[in-house]
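Coordinates as given in model.cif (mmCIF, C-alpha atoms and all ligand atoms):
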```
data_my_file
loop_
_atom_site.label_atom_id
_atom_site.label_comp_id
_atom_site.auth_asym_id
_atom_site.auth_seq_id
_atom_site.Cartn_x
_atom_site.Cartn_y
_atom_site.Cartn_z
CA MET O 1 0.00 0.00 0.00
CA TYR O 2 2.71 2.49 0.90
CA THR O 3 5.19 1.43 -1.71
CA GLN O 4 6.73 3.82 -4.12
CA ALA O 5 8.47 2.61 -7.18
CA MET O 6 9.50 4.64 -10.17
CA ASP O 7 5.81 5.17 -10.97
CA SER O 8 5.42 7.99 -8.46
CA MET O 9 7.36 10.33 -10.71
CA PRO O 10 6.55 11.53 -14.23
CA THR O 11 6.82 8.58 -16.58
CA GLU O 12 10.00 8.27 -18.56
CA ALA O 13 9.85 8.79 -22.28
CA LYS O 14 9.73 5.55 -24.24
CA PRO O 15 13.16 4.61 -25.59
CA THR O 16 13.59 6.12 -29.02
CA LEU O 17 16.41 6.15 -31.52
CA ARG O 18 18.95 8.61 -30.20
CA SER O 19 20.35 11.45 -32.21
CA ALA O 20 24.07 11.89 -32.77
CA GLU O 21 23.89 14.98 -30.57
CA GLU O 22 22.31 13.02 -27.73
CA LEU O 23 24.93 10.30 -27.98
CA GLN O 24 27.61 12.95 -27.74
CA LEU O 25 25.93 14.43 -24.66
CA GLN O 26 25.76 10.97 -23.12
CA GLN O 27 29.46 10.37 -23.79
CA ARG O 28 30.36 13.73 -22.27
CA PHE O 29 28.22 12.94 -19.21
CA ASP O 30 29.82 9.48 -18.79
CA ALA O 31 33.29 10.97 -19.08
CA ARG O 32 32.53 13.55 -16.41
CA ILE O 33 31.19 10.86 -14.07
CA ASP O 34 34.25 8.68 -14.69
CA ASP O 35 36.46 11.68 -13.99
CA GLY O 36 34.72 12.26 -10.65
CA GLN O 37 33.29 15.64 -11.68
CA PHE O 38 30.05 17.02 -10.26
CA ILE O 39 26.88 17.36 -12.35
CA GLU O 40 24.93 20.61 -11.89
CA ALA O 41 21.18 21.15 -12.36
CA LYS O 42 21.55 22.82 -15.74
CA ASP O 43 23.85 20.14 -17.16
CA TRP O 44 22.53 17.50 -19.52
CA MET O 45 21.86 14.19 -17.78
CA PRO O 46 20.28 10.88 -18.81
CA GLU O 47 16.60 10.53 -17.85
CA HIS O 48 17.31 7.46 -15.72
CA TYR O 49 19.96 9.36 -13.72
CA ARG O 50 17.44 12.16 -13.13
CA LYS O 51 14.71 9.73 -12.04
CA THR O 52 17.04 7.82 -9.73
CA LEU O 53 18.03 11.05 -8.03
CA VAL O 54 14.44 12.24 -7.68
CA ARG O 55 13.52 8.85 -6.19
CA GLN O 56 16.35 8.87 -3.65
CA ILE O 57 16.29 12.57 -2.74
CA SER O 58 12.50 12.73 -2.36
CA GLN O 59 12.50 9.58 -0.21
CA HIS O 60 15.25 11.12 1.85
CA ALA O 61 13.29 14.39 2.25
CA HIS O 62 10.16 12.49 3.29
CA SER O 63 12.22 10.55 5.85
CA GLU O 64 13.40 13.77 7.44
CA ILE O 65 9.91 15.18 7.91
CA VAL O 66 8.28 11.90 8.91
CA GLY O 67 11.25 11.45 11.26
CA MET O 68 10.08 14.53 13.17
CA LEU O 69 6.96 12.67 14.34
CA PRO O 70 8.34 10.02 16.73
CA GLU O 71 10.58 12.63 18.38
CA GLY O 72 8.08 15.49 18.37
CA ASN O 73 5.91 13.17 20.43
CA TRP O 74 8.34 13.68 23.37
CA ILE O 75 8.92 17.46 23.27
CA SER O 76 6.22 18.15 25.86
CA ARG O 77 7.43 15.27 28.05
CA ALA O 78 11.20 15.83 28.07
CA PRO O 79 12.50 15.38 31.64
CA THR O 80 14.28 18.76 31.98
CA LEU O 81 14.27 22.20 30.38
CA LYS O 82 17.72 21.53 28.91
CA ARG O 83 16.62 18.24 27.30
CA LYS O 84 13.48 19.91 25.98
CA ALA O 85 15.47 22.74 24.36
CA ILE O 86 17.87 20.22 22.78
CA LEU O 87 15.04 18.06 21.45
CA LEU O 88 13.20 21.09 20.06
CA ALA O 89 16.34 22.19 18.22
CA LYS O 90 16.88 18.70 16.83
CA VAL O 91 13.32 18.34 15.55
CA GLN O 92 13.55 21.79 13.94
CA ASP O 93 16.80 20.72 12.28
CA GLU O 94 15.00 17.73 10.73
CA ALA O 95 12.43 20.10 9.21
CA GLY O 96 15.30 22.14 7.78
CA HIS O 97 16.88 18.98 6.32
CA GLY O 98 13.59 18.15 4.65
CA LEU O 99 13.48 21.62 3.11
CA TYR O 100 17.07 21.48 1.76
CA LEU O 101 16.31 18.08 0.24
CA TYR O 102 12.96 19.04 -1.32
CA SER O 103 14.77 22.03 -2.84
CA ALA O 104 17.54 19.78 -4.20
CA ALA O 105 14.93 17.47 -5.74
CA GLU O 106 13.09 20.45 -7.27
CA THR O 107 16.23 21.37 -9.21
CA LEU O 108 15.62 18.14 -11.16
CA GLY O 109 12.24 19.36 -12.42
CA THR O 110 9.88 17.70 -9.97
CA SER O 111 7.62 20.05 -8.04
CA ARG O 112 7.23 19.96 -4.30
CA ASP O 113 3.48 19.43 -4.76
CA GLU O 114 4.17 16.28 -6.81
CA MET O 115 6.46 14.96 -4.08
CA PHE O 116 3.95 15.69 -1.31
CA GLU O 117 1.19 14.09 -3.33
CA ALA O 118 3.28 10.91 -3.66
CA LEU O 119 3.86 10.90 0.11
CA HIS O 120 0.27 11.64 1.09
CA SER O 121 -1.22 9.11 -1.29
CA GLY O 122 1.00 6.40 0.21
CA ARG O 123 3.00 5.84 -2.99
CA ALA O 124 6.21 7.34 -1.66
CA LYS O 125 8.69 5.54 0.52
CA TYR O 126 10.39 6.98 3.57
CA SER O 127 12.86 5.33 5.91
CA SER O 128 11.54 2.13 7.52
CA ILE O 129 12.91 3.23 10.89
CA PHE O 130 10.24 5.87 11.46
CA ASN O 131 7.48 3.28 11.53
CA TYR O 132 8.51 2.16 15.03
CA PRO O 133 7.07 3.77 18.17
CA THR O 134 8.97 5.87 20.76
CA LEU O 135 7.57 4.37 23.96
CA THR O 136 9.79 5.92 26.66
CA TRP O 137 12.22 8.81 27.11
CA ALA O 138 15.07 6.30 26.61
CA ASP O 139 13.78 5.78 23.07
CA ILE O 140 14.60 9.40 22.30
CA GLY O 141 18.21 8.95 23.43
CA THR O 142 18.42 5.67 21.52
CA VAL O 143 17.05 7.23 18.33
CA GLY O 144 19.75 9.90 18.59
CA TRP O 145 22.52 7.38 19.27
CA LEU O 146 21.57 4.58 16.86
CA VAL O 147 19.26 6.11 14.24
CA ASP O 148 21.18 9.35 13.80
CA GLY O 149 24.40 7.34 14.09
CA ALA O 150 23.26 5.13 11.20
CA ALA O 151 22.13 8.22 9.29
CA ILE O 152 25.60 9.80 9.58
CA MET O 153 27.29 6.59 8.43
CA ASN O 154 24.99 6.49 5.38
CA GLN O 155 25.00 10.20 4.63
CA VAL O 156 28.65 11.25 4.89
CA PRO O 157 29.47 9.46 1.59
CA ILE O 158 26.51 11.27 -0.04
CA CYS O 159 28.41 14.55 0.51
CA ARG O 160 30.46 13.30 -2.47
CA CYS O 161 27.42 12.34 -4.56
CA SER O 162 27.92 13.18 -8.25
CA TYR O 163 24.83 15.46 -8.27
CA ALA O 164 26.13 18.71 -6.81
CA PRO O 165 22.91 20.21 -5.33
CA TYR O 166 22.33 16.99 -3.35
CA ALA O 167 25.99 16.84 -2.26
CA ARG O 168 25.88 20.47 -1.08
CA ALA O 169 22.69 19.88 0.93
CA MET O 170 24.29 16.82 2.54
CA VAL O 171 27.32 18.76 3.80
CA ARG O 172 25.05 20.98 5.90
CA ILE O 173 22.88 18.09 7.00
CA CYS O 174 25.80 15.95 8.16
CA ARG O 175 27.14 18.71 10.38
CA GLU O 176 23.82 18.80 12.21
CA GLU O 177 23.43 15.01 12.33
CA SER O 178 26.61 14.73 14.33
CA PHE O 179 25.12 16.99 17.06
CA HIS O 180 21.99 14.82 16.95
CA GLN O 181 23.94 11.63 17.51
CA ARG O 182 25.93 13.13 20.37
CA GLN O 183 22.89 14.50 22.19
CA GLY O 184 21.29 11.03 22.07
CA PHE O 185 24.40 9.34 23.36
CA ASP O 186 24.71 11.95 26.11
CA ALA O 187 21.08 11.47 27.21
CA LEU O 188 21.66 7.71 27.47
CA LEU O 189 24.99 8.12 29.28
CA THR O 190 23.32 10.35 31.86
CA MET O 191 20.78 7.64 32.61
CA MET O 192 23.30 4.81 32.58
CA ARG O 193 25.84 6.58 34.84
CA GLY O 194 23.62 8.49 37.27
CA GLY O 195 20.19 6.92 36.84
CA THR O 196 18.17 4.52 38.95
CA GLU O 197 18.05 0.80 38.19
CA ALA O 198 14.66 1.37 36.56
CA GLN O 199 16.14 4.05 34.28
CA LYS O 200 19.01 1.78 33.29
CA ALA O 201 16.54 -1.00 32.49
CA MET O 202 14.55 1.48 30.41
CA VAL O 203 17.68 2.26 28.34
CA GLN O 204 18.44 -1.43 27.81
CA ASP O 205 14.85 -2.06 26.74
CA ALA O 206 14.99 0.78 24.21
CA VAL O 207 18.31 -0.48 22.79
CA ASN O 208 16.82 -4.00 22.49
CA ARG O 209 13.93 -2.64 20.42
CA TRP O 210 15.87 -0.22 18.19
CA TRP O 211 18.99 -2.26 17.39
CA TRP O 212 17.66 -4.49 14.61
CA PRO O 213 15.52 -1.80 12.90
CA SER O 214 18.59 0.50 12.97
CA ILE O 215 20.80 -1.95 11.12
CA MET O 216 18.00 -2.53 8.59
CA MET O 217 18.04 1.21 7.79
CA PHE O 218 20.98 0.68 5.43
CA GLY O 219 18.69 -1.16 3.04
CA PRO O 220 18.58 -4.73 1.76
CA PRO O 221 21.76 -6.82 1.41
CA ASP O 222 23.88 -5.88 -1.60
CA ASP O 223 22.85 -8.98 -3.53
CA GLN O 224 19.17 -8.01 -3.12
CA SER O 225 19.57 -4.28 -3.77
CA PRO O 226 18.20 -3.58 -7.25
CA ASN O 227 19.40 0.04 -7.42
CA SER O 228 22.92 -0.25 -6.02
CA GLU O 229 24.90 -1.26 -9.07
CA GLN O 230 23.69 1.58 -11.29
CA SER O 231 23.73 4.15 -8.48
CA MET O 232 27.32 3.24 -7.63
CA ARG O 233 28.35 3.47 -11.29
CA TRP O 234 26.89 6.98 -11.41
CA GLY O 235 28.53 8.04 -8.16
CA ILE O 236 25.16 8.66 -6.50
CA LYS O 237 25.98 5.95 -3.99
CA ARG O 238 29.62 5.75 -2.99
CA VAL O 239 29.56 2.88 -0.48
CA SER O 240 27.37 -0.23 -0.54
CA ASN O 241 24.54 -1.03 1.90
CA ASP O 242 26.40 -3.97 3.48
CA THR O 243 29.71 -2.11 3.85
CA LEU O 244 28.02 0.79 5.63
CA ARG O 245 26.04 -1.59 7.84
CA GLN O 246 29.25 -3.36 8.87
CA LYS O 247 31.02 -0.06 9.66
CA PHE O 248 28.06 1.04 11.77
CA ILE O 249 27.98 -2.23 13.73
CA ASP O 250 31.72 -2.06 14.41
CA ALA O 251 31.40 1.50 15.73
CA ALA O 252 28.28 0.78 17.79
CA VAL O 253 29.87 -2.17 19.65
CA ASP O 254 32.52 0.09 21.18
CA GLN O 255 29.99 2.81 21.98
CA ALA O 256 27.71 0.24 23.68
CA LYS O 257 30.62 -0.72 25.95
CA VAL O 258 31.08 2.90 27.04
CA LEU O 259 27.35 3.17 27.74
CA GLY O 260 27.24 -0.17 29.58
CA VAL O 261 24.43 -1.63 27.48
CA THR O 262 24.25 -4.97 25.70
CA LEU O 263 23.40 -5.22 22.02
CA PRO O 264 20.63 -7.82 21.55
CA ASP O 265 22.51 -10.18 19.25
CA PRO O 266 24.05 -13.34 20.77
CA ASP O 267 26.03 -13.92 17.55
CA LEU O 268 27.78 -10.55 17.68
CA LYS O 269 31.49 -11.23 18.09
CA TRP O 270 34.85 -9.94 16.91
CA ASN O 271 36.30 -11.74 13.89
CA GLU O 272 40.08 -11.41 14.06
CA GLN O 273 40.55 -12.48 10.47
CA ARG O 274 38.09 -9.95 9.04
CA GLN O 275 38.99 -7.29 11.63
CA SER O 276 35.23 -6.72 11.98
CA HIS O 277 32.31 -8.06 13.98
CA ASP O 278 30.28 -11.03 12.84
CA PHE O 279 26.60 -10.60 13.55
CA GLY O 280 23.41 -12.65 13.57
CA ALA O 281 20.89 -13.10 10.76
CA ILE O 282 18.75 -10.05 10.03
CA ASP O 283 15.03 -10.70 9.75
CA TRP O 284 14.50 -9.25 6.28
CA SER O 285 10.86 -10.30 6.28
CA GLU O 286 10.29 -7.67 8.99
CA PHE O 287 12.03 -5.03 6.88
CA PHE O 288 10.00 -5.77 3.76
CA SER O 289 6.79 -5.85 5.75
CA VAL O 290 7.53 -2.40 7.26
CA VAL O 291 8.55 -0.96 3.89
CA GLY O 292 5.40 -2.46 2.40
CA GLY O 293 3.19 -0.52 4.82
CA ASP O 294 2.67 -3.01 7.66
CA GLY O 295 5.04 -1.71 10.33
CA PRO O 296 3.76 -0.82 13.81
CA CYS O 297 3.18 2.87 12.99
CA ASN O 298 2.89 3.23 9.18
CA ARG O 299 -0.76 4.22 9.20
CA GLU O 300 -0.35 6.59 12.14
CA ARG O 301 2.64 8.35 10.53
CA LEU O 302 0.93 8.84 7.20
CA ALA O 303 -2.27 10.06 8.84
CA ALA O 304 -0.26 12.62 10.86
CA ARG O 305 1.44 13.96 7.70
CA VAL O 306 -1.85 14.20 5.80
CA LYS O 307 -3.50 15.99 8.73
CA ALA O 308 -0.60 18.46 8.98
CA TRP O 309 -0.94 19.17 5.24
CA GLU O 310 -4.71 19.70 5.48
CA ASP O 311 -4.45 21.83 8.64
CA GLY O 312 -1.85 24.00 6.91
CA ALA O 313 -4.05 24.76 3.88
CA TRP O 314 -5.06 28.19 5.22
CA VAL O 315 -1.40 29.18 5.69
CA ARG O 316 -0.57 28.26 2.08
CA ASP O 317 -3.70 30.12 0.86
CA ALA O 318 -2.83 33.21 2.89
CA ALA O 319 0.80 33.17 1.73
CA SER O 320 -0.16 32.91 -1.93
CA ALA O 321 -2.85 35.65 -1.59
CA HIS O 322 -0.19 37.89 0.00
CA ALA O 323 2.30 37.08 -2.78
CA GLN O 324 -0.33 37.91 -5.42
CA LYS O 325 -1.09 41.25 -3.73
CA GLN O 326 2.62 42.11 -3.60
CA ALA O 327 3.04 41.18 -7.27
CA ALA O 328 0.01 43.32 -8.23
CA LYS O 329 1.42 46.27 -6.24
CA ALA O 330 4.76 45.91 -8.02
CA VAL O 331 3.04 46.01 -11.43
CA ALA O 332 0.55 48.83 -10.64
CA PRO O 333 3.04 51.75 -10.26
CA ARG O 334 4.71 50.77 -13.55
CA GLN O 335 1.34 50.80 -15.33
CA ALA O 336 0.48 54.19 -13.81
CA ALA O 337 3.76 55.70 -15.05
N1 LIG C 401 13.49 2.23 4.34
O1 LIG C 401 18.13 -0.94 -4.11
P1 LIG C 401 18.13 -0.37 -2.72
C1 LIG C 401 17.38 10.07 8.95
C2 LIG C 401 14.08 0.71 -0.49
S1 LIG C 401 16.72 10.13 7.40
C3 LIG C 401 12.60 2.24 3.32
O2 LIG C 401 19.29 -0.68 -1.86
P2 LIG C 401 18.91 2.41 -2.85
C4 LIG C 401 16.82 10.83 10.06
C5 LIG C 401 14.71 1.50 -1.61
O3 LIG C 401 14.21 2.83 -1.63
C6 LIG C 401 17.09 8.48 6.82
N2 LIG C 401 12.89 1.83 2.07
O4 LIG C 401 17.86 1.21 -2.83
C7 LIG C 401 15.77 11.71 9.86
C8 LIG C 401 14.33 0.68 -2.82
O5 LIG C 401 12.96 0.91 -3.17
P3 LIG C 401 12.52 1.69 -4.53
C9 LIG C 401 16.88 8.33 5.36
C10 LIG C 401 14.16 1.40 1.87
O6 LIG C 401 18.16 3.65 -3.05
C11 LIG C 401 15.17 12.34 10.96
C12 LIG C 401 14.37 -0.72 -2.28
O7 LIG C 401 14.25 -0.64 -0.87
N3 LIG C 401 18.16 8.31 4.69
O8 LIG C 401 18.24 9.29 9.09
O9 LIG C 401 20.06 2.12 -3.76
C13 LIG C 401 15.61 12.04 12.25
C14 LIG C 401 15.66 -1.44 -2.62
O10 LIG C 401 16.81 -0.83 -1.98
C15 LIG C 401 15.14 1.39 2.88
C16 LIG C 401 18.21 8.39 3.36
O11 LIG C 401 17.20 8.45 2.70
C17 LIG C 401 14.76 1.81 4.16
N4 LIG C 401 15.61 1.82 5.21
O12 LIG C 401 19.52 2.41 -1.35
C18 LIG C 401 16.68 11.19 12.45
C19 LIG C 401 19.61 8.43 2.76
N5 LIG C 401 16.28 0.91 2.36
O13 LIG C 401 12.84 3.16 -4.29
C20 LIG C 401 17.30 10.56 11.35
C21 LIG C 401 19.58 8.49 1.27
C22 LIG C 401 16.04 0.63 1.07
O14 LIG C 401 13.33 1.13 -5.64
N6 LIG C 401 19.20 7.24 0.68
N7 LIG C 401 14.77 0.92 0.78
O15 LIG C 401 11.04 1.43 -4.63
C23 LIG C 401 20.08 6.22 0.46
O16 LIG C 401 21.23 6.27 0.82
C24 LIG C 401 19.58 5.02 -0.29
O17 LIG C 401 18.37 5.37 -0.96
C25 LIG C 401 19.32 3.78 0.63
C26 LIG C 401 18.71 2.66 -0.24
C27 LIG C 401 20.66 3.27 1.18
C28 LIG C 401 18.37 4.10 1.76
#
```

For the structure just supplied, provide its representation as structure tokens.
Amino acid sequence: MYTQAMDSMPTEAKPTLRSAEELQLQQRFDARIDDGQFIEAKDWMPEHYRKTLVRQISQHAHSEIVGMLPEGNWISRAPTLKRKAILLAKVQDEAGHGLYLYSAAETLGTSRDEMFEALHSGRAKYSSIFNYPTLTWADIGTVGWLVDGAAIMNQVPICRCSYAPYARAMVRICREESFHQRQGFDALLTMMRGGTEAQKAMVQDAVNRWWWPSIMMFGPPDDQSPNSEQSMRWGIKRVSNDTLRQKFIDAAVDQAKVLGVTLPDPDLKWNEQRQSHDFGAIDWSEFFSVVGGDGPCNRERLAARVKAWEDGAWVRDAASAHAQKQAAKAVAPRQAA
């Protein structure tokens, strides 16, 4: 129900015989990609490259704004004024990330209205992780530590994405994500070092629930990832799903030791030969079920976004009426002259 494939975007032109000029443009594009150069919005690009970018960037933008929901849920219940101010700033940052990313996608010729329509109709994807509930305050710290930690691991390589407007947006986003990860880790450390036994148990419970969904965030295994090969060839994706997942797991094991929590995987152990951690089997049926619309909170998240859009209609109407008035005023004196 909530799946989005390529059909959520304008349909690609049917393959036709290509002109000599087009072949030359294609060769020039390929050479620039091979040379590691950036592609700008006004440059010629193959339709499939454009569609792949719109797919990924719009999904990414949707993830940022849907990602505000599980955390926004705790702003009024944060335990202290300091934690509330930090959480407010973080949730506002996510809105900003969504805006940078919608703008980057718009440079490819897809309107924001089209992207919102795809989200609100349930055709668009957004990150699986935001379909899980935030049940306790420890979930908020755990989202910061694990979810933002996974996001940084995935997003730093996108700062070198071949499409320059996306790469530029990602540089700003990654700076903020690192504050997000640290605030989550700090909130958990406070509970683990100075908290009561009940608070420590609450942290462990949150880590138990978020660990597996966090490592699923990187996407399906490389051999089941239909988009990876082409995206890597185009320099949209720089590092594979499995490589990033492994790097994240290796980093998280050490961080878990500092926190004093256990990661809920009995098969997690250091492999001297690989100089990495082995880990247990991931339940991919859960991932595909969540991505397909049947996660614990899919319906709730989508309903909240649709309601926010409908409730905001009067603001959009007022803003466009104001813009029309301003435009009319700007024209009127010229006509009078
Ligand atoms: N959830 O061929 P694959 C954040 C889909 S924001 C849902 O490997 P690709 C944060 C995938 O779209 C986090 N769907 O695809 C925000 C594809 O379906 P379609 C979001 C997923 O694109 C607020 C199919 O599975 N980050 O962290 O090469 C607060 C096959 O996959 C997921 C981004 O969006 C998933 N987890 O690689 C706190 C980063 N994984 O489209 C934190 C940008 C895969 O063919 N995106 N799918 O129907 C990417 O880096 C890549 O798109 C992905 C997937 C690695 C996610």

Can you work out which residues are within 8 Å of ligand LIG 401 (chain C), considering only C-alpha atoms and all ligand atoms, and then hand them over as a short mmCIF file (atom, residue, chain, number, x, y, z; two decimals) with C-alpha atoms, in the coordinates of the input?
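Output below, filename out08.cif:
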```cif
data_model
loop_
_atom_site.label_atom_id
_atom_site.label_comp_id
_atom_site.auth_asym_id
_atom_site.auth_seq_id
_atom_site.Cartn_x
_atom_site.Cartn_y
_atom_site.Cartn_z
CA THR O 3 5.19 1.43 -1.71
CA GLN O 4 6.73 3.82 -4.12
CA ALA O 5 8.47 2.61 -7.18
CA MET O 6 9.50 4.64 -10.17
CA THR O 52 17.04 7.82 -9.73
CA ARG O 55 13.52 8.85 -6.19
CA GLN O 56 16.35 8.87 -3.65
CA ILE O 57 16.29 12.57 -2.74
CA GLN O 59 12.50 9.58 -0.21
CA HIS O 60 15.25 11.12 1.85
CA ALA O 61 13.29 14.39 2.25
CA SER O 63 12.22 10.55 5.85
CA GLU O 64 13.40 13.77 7.44
CA ILE O 65 9.91 15.18 7.91
CA VAL O 66 8.28 11.90 8.91
CA GLY O 67 11.25 11.45 11.26
CA MET O 68 10.08 14.53 13.17
CA GLU O 71 10.58 12.63 18.38
CA VAL O 91 13.32 18.34 15.55
CA GLU O 94 15.00 17.73 10.73
CA LYS O 125 8.69 5.54 0.52
CA TYR O 126 10.39 6.98 3.57
CA SER O 127 12.86 5.33 5.91
CA SER O 128 11.54 2.13 7.52
CA ILE O 129 12.91 3.23 10.89
CA VAL O 143 17.05 7.23 18.33
CA GLY O 144 19.75 9.90 18.59
CA VAL O 147 19.26 6.11 14.24
CA ASP O 148 21.18 9.35 13.80
CA ALA O 150 23.26 5.13 11.20
CA ALA O 151 22.13 8.22 9.29
CA ILE O 152 25.60 9.80 9.58
CA ASN O 154 24.99 6.49 5.38
CA GLN O 155 25.00 10.20 4.63
CA ILE O 158 26.51 11.27 -0.04
CA GLU O 177 23.43 15.01 12.33
CA HIS O 180 21.99 14.82 16.95
CA MET O 216 18.00 -2.53 8.59
CA MET O 217 18.04 1.21 7.79
CA PHE O 218 20.98 0.68 5.43
CA GLY O 219 18.69 -1.16 3.04
CA PRO O 220 18.58 -4.73 1.76
CA PRO O 221 21.76 -6.82 1.41
CA ASP O 222 23.88 -5.88 -1.60
CA GLN O 224 19.17 -8.01 -3.12
CA SER O 225 19.57 -4.28 -3.77
CA PRO O 226 18.20 -3.58 -7.25
CA ASN O 227 19.40 0.04 -7.42
CA SER O 228 22.92 -0.25 -6.02
CA GLU O 229 24.90 -1.26 -9.07
CA SER O 231 23.73 4.15 -8.48
CA LYS O 237 25.98 5.95 -3.99
CA SER O 240 27.37 -0.23 -0.54
CA ASN O 241 24.54 -1.03 1.90
CA PHE O 287 12.03 -5.03 6.88
CA VAL O 290 7.53 -2.40 7.26
CA VAL O 291 8.55 -0.96 3.89
#
```

Please produce, as JSON lines, a per-residue contact table for segment 188-250 of chain O versus segment 266-271 of chain O (criterion: any atom at most 12 Å away, only C-alpha atoms considered), showing the nearest atom pair and its distance in Å to one decimal, sorted by chain then residue number.
```
{"residue": "O:Asn208", "atom": "CA", "partner": "O:Pro266", "partner_atom": "CA", "distance": 11.9}
{"residue": "O:Gln246", "atom": "CA", "partner": "O:Leu268", "partner_atom": "CA", "distance": 11.5}
{"residue": "O:Ile249", "atom": "CA", "partner": "O:Leu268", "partner_atom": "CA", "distance": 9.2}
{"residue": "O:Asp250", "atom": "CA", "partner": "O:Trp270", "partner_atom": "CA", "distance": 8.8}
```

Name the closest residue to Val261 of chain O among the candidates O:Ala201, O:Leu244, O:Leu25, O:Ala323; distances are taken between atoms, counting all atoms listed in the file. O:Ala201

From the options O:Glu117, O:Asp317, O:Asp139, O:Asp93, which residue's atoms come nearest to Arg172 of chain O, counting only C-alpha atoms?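 Of the candidates, the smallest distance to Arg172 of chain O is held by O:Asp93.
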
Listed atoms of segment 88-94 of chain O boxed axis-aligned with 5 Å per side, centre + edges as AutoDock Vina command-line options:
```
--center_x 15.0 --center_y 20.0 --center_z 15.4 --size_x 13.7 --size_y 14.5 --size_z 19.3
```

Using only C-alpha atoms, give me every residue within 10 Å of (3.1, 1.4, 1.8) in file coordinates, as a PDB file with C-alpha atoms, in the frame of the given file.
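Output saved as result17.pdb:
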```pdb
ATOM      1  CA  MET O   1       0.000   0.000   0.000  1.00  0.00           C
ATOM      2  CA  TYR O   2       2.710   2.490   0.900  1.00  0.00           C
ATOM      3  CA  THR O   3       5.190   1.430  -1.710  1.00  0.00           C
ATOM      4  CA  GLN O   4       6.730   3.820  -4.120  1.00  0.00           C
ATOM      5  CA  LEU O 119       3.860  10.900   0.110  1.00  0.00           C
ATOM      6  CA  SER O 121      -1.220   9.110  -1.290  1.00  0.00           C
ATOM      7  CA  GLY O 122       1.000   6.400   0.210  1.00  0.00           C
ATOM      8  CA  ARG O 123       3.000   5.840  -2.990  1.00  0.00           C
ATOM      9  CA  ALA O 124       6.210   7.340  -1.660  1.00  0.00           C
ATOM     10  CA  LYS O 125       8.690   5.540   0.520  1.00  0.00           C
ATOM     11  CA  TYR O 126      10.390   6.980   3.570  1.00  0.00           C
ATOM     12  CA  SER O 289       6.790  -5.850   5.750  1.00  0.00           C
ATOM     13  CA  VAL O 290       7.530  -2.400   7.260  1.00  0.00           C
ATOM     14  CA  VAL O 291       8.550  -0.960   3.890  1.00  0.00           C
ATOM     15  CA  GLY O 292       5.400  -2.460   2.400  1.00  0.00           C
ATOM     16  CA  GLY O 293       3.190  -0.520   4.820  1.00  0.00           C
ATOM     17  CA  ASP O 294       2.670  -3.010   7.660  1.00  0.00           C
ATOM     18  CA  GLY O 295       5.040  -1.710  10.330  1.00  0.00           C
ATOM     19  CA  ASN O 298       2.890   3.230   9.180  1.00  0.00           C
ATOM     20  CA  ARG O 299      -0.760   4.220   9.200  1.00  0.00           C
ATOM     21  CA  LEU O 302       0.930   8.840   7.200  1.00  0.00           C
TER      22      LEU O 302
END
```

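Shortest separation to Phe185 of chain O among O:Cys159, O:Leu146, O:Ala169, O:Ala198 occurs at residue O:Leu146, atoms counted being only C-alpha atoms.
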
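Take atom CA of Ser19 of chain O and atom CA of Glu40 of chain O: the distance between them is 22.8 Å.
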
In Å, how far is it from atom CA of Phe288 of chain O to atom CA of Pro133 of chain O?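 Separating atom CA of Phe288 of chain O from atom CA of Pro133 of chain O is a distance of 17.5 Å.
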
Hey, which of O:Ala206, O:Val54, O:Met191, O:Ala256 ends up closest to Thr136 of chain O? Count all atoms listed in the file.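 Between O:Ala206, O:Val54, O:Met191, O:Ala256, the residue approaching Thr136 of chain O most closely is O:Ala206.
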
Could you tell me which of O:Lys200, O:Arg193, O:Arg316, O:Lys84 comes closest to Ala138 of chain O if we count all atoms listed in the file? O:Lys200

As an exercise, work out the distance from atom CA of Arg28 of chain O to atom CA of Tyr102 of chain O in Å and give it to one decimal place. 27.7 Å

Using only C-alpha atoms, pick whichever of O:Ser58, O:Met153, O:Thr134, O:Ala332 has the shortest atom-to-atom distance to Ser111 of chain O.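 Of the candidates, the smallest distance to Ser111 of chain O is held by O:Ser58.
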
Could I get segment 292-298 of chain O rebuilt with N, CA and C atoms, written as a CSV table (one decimal), in the frame of the given file?
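The resulting file, result.csv, is reproduced below:
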```csv
chain,number,residue,atom,x,y,z
O,292,GLY,N,6.6,-2.2,3.1
O,292,GLY,CA,5.4,-2.5,2.4
O,292,GLY,C,4.2,-1.9,3.1
O,293,GLY,N,4.3,-1.2,4.2
O,293,GLY,CA,3.2,-0.5,4.8
O,293,GLY,C,2.6,-1.2,6.1
O,294,ASP,N,3.3,-2.3,6.5
O,294,ASP,CA,2.7,-3.0,7.7
O,294,ASP,C,3.5,-2.9,8.9
O,295,GLY,N,4.3,-1.9,9.1
O,295,GLY,CA,5.0,-1.7,10.3
O,295,GLY,C,4.1,-1.3,11.4
O,296,PRO,N,4.6,-1.2,12.7
O,296,PRO,CA,3.8,-0.8,13.8
O,296,PRO,C,3.1,0.6,13.7
O,297,CYS,N,3.7,1.5,13.0
O,297,CYS,CA,3.2,2.9,13.0
O,297,CYS,C,2.9,3.4,11.6
O,298,ASN,N,3.0,2.6,10.5
O,298,ASN,CA,2.9,3.2,9.2
O,298,ASN,C,1.6,4.1,9.0
```
